[in-house]
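Just work07.tsv here, TSV, C-alpha atoms:
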chain	number	residue	atom	x	y	z
V	1354	MET	CA	89.76	58.97	121.33
V	1355	PRO	CA	88.47	62.52	121.83
V	1356	THR	CA	85.70	63.14	124.26
V	1357	ARG	CA	82.39	64.40	122.93
V	1358	PRO	CA	83.00	68.08	123.88
V	1359	ARG	CA	86.45	67.97	122.22
V	1360	ALA	CA	84.98	66.39	119.09
V	1361	VAL	CA	82.28	69.06	118.90
V	1362	ALA	CA	84.88	71.80	119.41
V	1363	LEU	CA	87.11	70.30	116.72
V	1364	ALA	CA	84.19	70.00	114.28
V	1365	THR	CA	83.16	73.60	114.98
V	1366	ALA	CA	86.72	74.83	114.44
V	1367	LEU	CA	86.94	72.98	111.11
V	1368	VAL	CA	83.62	74.40	109.93
V	1369	CYS	CA	84.78	77.93	110.84
V	1370	LEU	CA	88.13	77.36	109.13
V	1371	PHE	CA	86.51	76.24	105.89
V	1372	ALA	CA	83.78	78.89	105.99
V	1373	CYS	CA	86.18	81.73	106.73
V	1374	GLY	CA	89.02	80.40	104.64
V	1375	CYS	CA	87.07	79.97	101.41
V	1376	GLY	CA	87.50	83.04	99.29
V	1377	ALA	CA	90.16	84.56	101.55
V	1378	GLY	CA	92.78	86.39	99.54
V	1379	VAL	CA	90.69	86.70	96.37
V	1380	GLY	CA	88.89	89.63	94.82
V	1381	ARG	CA	85.45	89.92	93.28
V	1382	VAL	CA	84.85	92.61	90.68
V	1383	LYS	CA	81.75	94.33	89.41
V	1384	GLY	CA	81.26	97.78	88.02
V	1385	ARG	CA	80.12	100.03	85.25
V	1386	LEU	CA	81.61	101.59	82.14
V	1387	THR	CA	80.87	105.32	81.88
V	1388	ASP	CA	81.78	108.21	79.60
V	1389	ASN	CA	82.63	111.41	81.43
V	1390	GLY	CA	80.77	110.10	84.48
V	1391	GLN	CA	77.59	109.32	82.57
V	1392	PRO	CA	76.34	105.74	82.19
V	1393	LEU	CA	77.29	104.29	78.83
V	1394	ALA	CA	74.69	102.35	76.89
V	1395	PHE	CA	75.33	99.75	74.20
V	1396	ALA	CA	72.93	98.72	71.50
V	1397	PRO	CA	71.06	95.53	72.41
V	1398	GLY	CA	72.93	92.53	71.05
V	1399	ALA	CA	76.27	94.38	70.93
V	1400	GLN	CA	79.18	92.15	71.83
V	1401	ALA	CA	81.39	94.00	74.29
V	1402	SER	CA	83.50	92.95	77.24
V	1403	VAL	CA	85.88	94.33	79.83
V	1404	VAL	CA	89.20	92.46	80.04
V	1405	PHE	CA	91.30	92.47	83.23
V	1406	THR	CA	94.89	91.22	82.75
V	1407	LEU	CA	97.07	90.88	85.87
V	1408	LEU	CA	100.32	92.85	85.70
V	1409	GLY	CA	103.43	90.99	86.83
V	1410	PRO	CA	106.21	92.40	89.05
V	1411	GLY	CA	107.84	94.14	86.07
V	1412	GLY	CA	104.55	95.69	84.98
V	1413	GLN	CA	104.18	93.29	82.06
V	1414	PRO	CA	100.75	91.72	81.43
V	1415	ASP	CA	100.48	88.11	82.61
V	1416	VAL	CA	98.18	86.67	79.94
V	1417	ALA	CA	97.80	83.48	81.99
V	1418	HIS	CA	95.76	85.62	84.40
V	1419	THR	CA	93.26	87.29	82.08
V	1420	TYR	CA	89.61	87.65	83.09
V	1421	THR	CA	86.85	88.68	80.69
V	1422	MET	CA	83.53	90.18	81.79
V	1423	MET	CA	80.68	90.69	79.37
V	1424	LEU	CA	79.20	94.19	79.31
V	1425	GLU	CA	75.47	94.50	79.81
V	1426	PRO	CA	73.59	96.94	77.51
V	1427	ASP	CA	73.74	99.60	80.26
V	1428	GLY	CA	77.52	99.26	80.67
V	1429	ARG	CA	77.47	97.13	83.84
V	1430	PHE	CA	79.83	94.17	84.23
V	1431	GLU	CA	80.60	91.51	86.81
V	1432	LEU	CA	83.14	88.70	86.90
V	1433	ARG	CA	81.25	85.41	86.79
V	1434	ALA	CA	83.83	83.03	85.32
V	1435	SER	CA	86.56	81.61	87.57
V	1436	GLY	CA	84.01	81.32	90.34
V	1437	GLY	CA	83.65	85.10	90.24
V	1438	GLU	CA	87.07	85.52	91.87
V	1439	LEU	CA	90.50	86.72	90.79
V	1440	PRO	CA	93.78	87.22	92.62
V	1441	PRO	CA	94.42	90.64	94.16
V	1442	GLY	CA	96.89	92.85	92.31
V	1443	THR	CA	97.21	95.53	89.66
V	1444	TYR	CA	95.41	94.86	86.39
V	1445	LYS	CA	95.55	96.35	82.92
V	1446	VAL	CA	91.94	96.92	81.86
V	1447	THR	CA	90.97	97.00	78.20
V	1448	LEU	CA	87.75	96.78	76.24
V	1449	ASP	CA	86.94	94.24	73.57
V	1450	VAL	CA	84.11	95.49	71.38
V	1451	ALA	CA	82.94	93.88	68.15
V	1452	GLY	CA	81.27	95.64	65.24
V	1453	LYS	CA	81.10	99.24	64.15
V	1454	GLU	CA	81.67	100.62	67.69
V	1455	LYS	CA	85.08	98.90	67.93
V	1456	ALA	CA	87.13	101.95	66.89
V	1457	LYS	CA	85.56	104.09	69.61
V	1458	PHE	CA	86.71	101.74	72.36
V	1459	GLN	CA	89.94	100.13	71.16
V	1460	ARG	CA	92.16	102.84	72.64
V	1461	PHE	CA	90.76	102.48	76.14
V	1462	SER	CA	93.32	101.24	78.63
V	1463	ALA	CA	93.45	101.73	82.38
V	1464	LYS	CA	95.14	100.30	85.45
V	1465	GLN	CA	92.96	99.03	88.25
V	1466	GLU	CA	93.97	97.81	91.69
V	1467	VAL	CA	91.96	94.78	92.84
V	1468	LYS	CA	91.99	94.06	96.56
V	1469	ALA	CA	90.83	90.97	98.43
V	1470	GLY	CA	87.07	91.09	98.91
V	1471	ASP	CA	84.47	93.02	96.94
V	1472	ASN	CA	85.63	95.63	94.42
V	1473	THR	CA	83.22	98.02	92.71
V	1474	VAL	CA	84.84	99.71	89.73
V	1475	GLU	CA	83.82	102.64	87.56
V	1476	LEU	CA	85.73	102.74	84.29
V	1477	ASP	CA	85.42	106.13	82.60
V	1478	LEU	CA	86.18	106.39	78.88
V	1479	ALA	CA	87.04	110.07	79.37
V	1480	LYS	CA	89.94	109.03	81.64
V	1481	THR	CA	91.80	106.62	79.37
V	1482	GLY	CA	95.36	105.73	80.26
Step by step, read the file and then write its structure as structure tokens.
Amino acid sequence: MPTRPRAVALATALVCLFACGCGAGVGRVKGRLTDNGQPLAFAPGAQASVVFTLLGPGGQPDVAHTYTMMLEPDGRFELRASGGELPPGTYKVTLDVAGKEKAKFQRFSAKQEVKAGDNTVELDLAKTG
């Protein structure tokens, strides 16, 4: 049976392990969609989202790892689903826009590296891939 100091040390180590270990090795993404560096605004009520699809080792999209982020009217986005976390890696980024603005955005495609920790991304329509 552990002595009291050993039990306290063990409990402290477990708390640190869980606190530090949670979220390790995952990325969090937020950012803004711009056009030629200028903030992009959407009409209120417009349905638009940014879609991140993880690219596999051969560069092919892994649709099992697709993350959708709704665009705010001012072009901001943040991953909230999946606990707000996604695995680090290279992602194909596309836009999904409904309505009459769809044609303007359907050709947008970019690659984005997501690292463990916080990632702030600016997606510029003028720099489509």
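The residue that comes closest to Val1446 (chain V), out of V:Gln1459, V:Thr1406, V:Gln1400, V:Thr1421 and on the basis of all atoms listed in the file, is V:Thr1406.
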Task: Within 8 Å of region 1464-1480 of chain V using all atoms listed in the file, minus same-chain residues under 3 positions, as an MDAnalysis selection string - done: chainID V and resid 1377:1390 1440:1446 1461
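Atom to atom, CA of Met1423 (chain V) and CA of Gly1409 (chain V) stand 23.9 Å apart.
When all atoms listed in the file are used to compute distances to Ala1463 (chain V), the closest of the residues V:Ala1396, V:Ala1401, V:Ala1417, V:Leu1408 turns out to be V:Leu1408.
With CA of Gly1437 (chain V) on one side and CA of Glu1454 (chain V) on the other, the separation reads 27.4 Å.
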Taking every listed atom of region 1447-1450 of chain V and adding 4 Å to each side, what centre and edge lengths in Å (one decimal) does the axis-aligned box have, as JSON?
{"center_x": 87.5, "center_y": 95.6, "center_z": 74.8, "size_x": 14.9, "size_y": 10.8, "size_z": 14.8}
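Considering the residues V:Leu1424, V:Val1416, V:Ala1399, V:Val1404 and counting all atoms listed in the file, Leu1448 (chain V) has its shortest atom-to-atom contact with V:Val1404.
Computed from the coordinates, the CA of Thr1447 (chain V) to CA of Ala1394 (chain V) distance equals 17.2 Å.
Each of V:Asp1415, V:Val1403, V:Arg1433, V:Gln1391 was compared to Phe1458 (chain V) using all atoms listed in the file, and V:Val1403 turns out to be the nearest.
Considering all atoms listed in the file, the residue among V:Met1422, V:Phe1395, V:Val1450, V:Gln1413 positioned nearest to Ala1434 (chain V) is V:Met1422.
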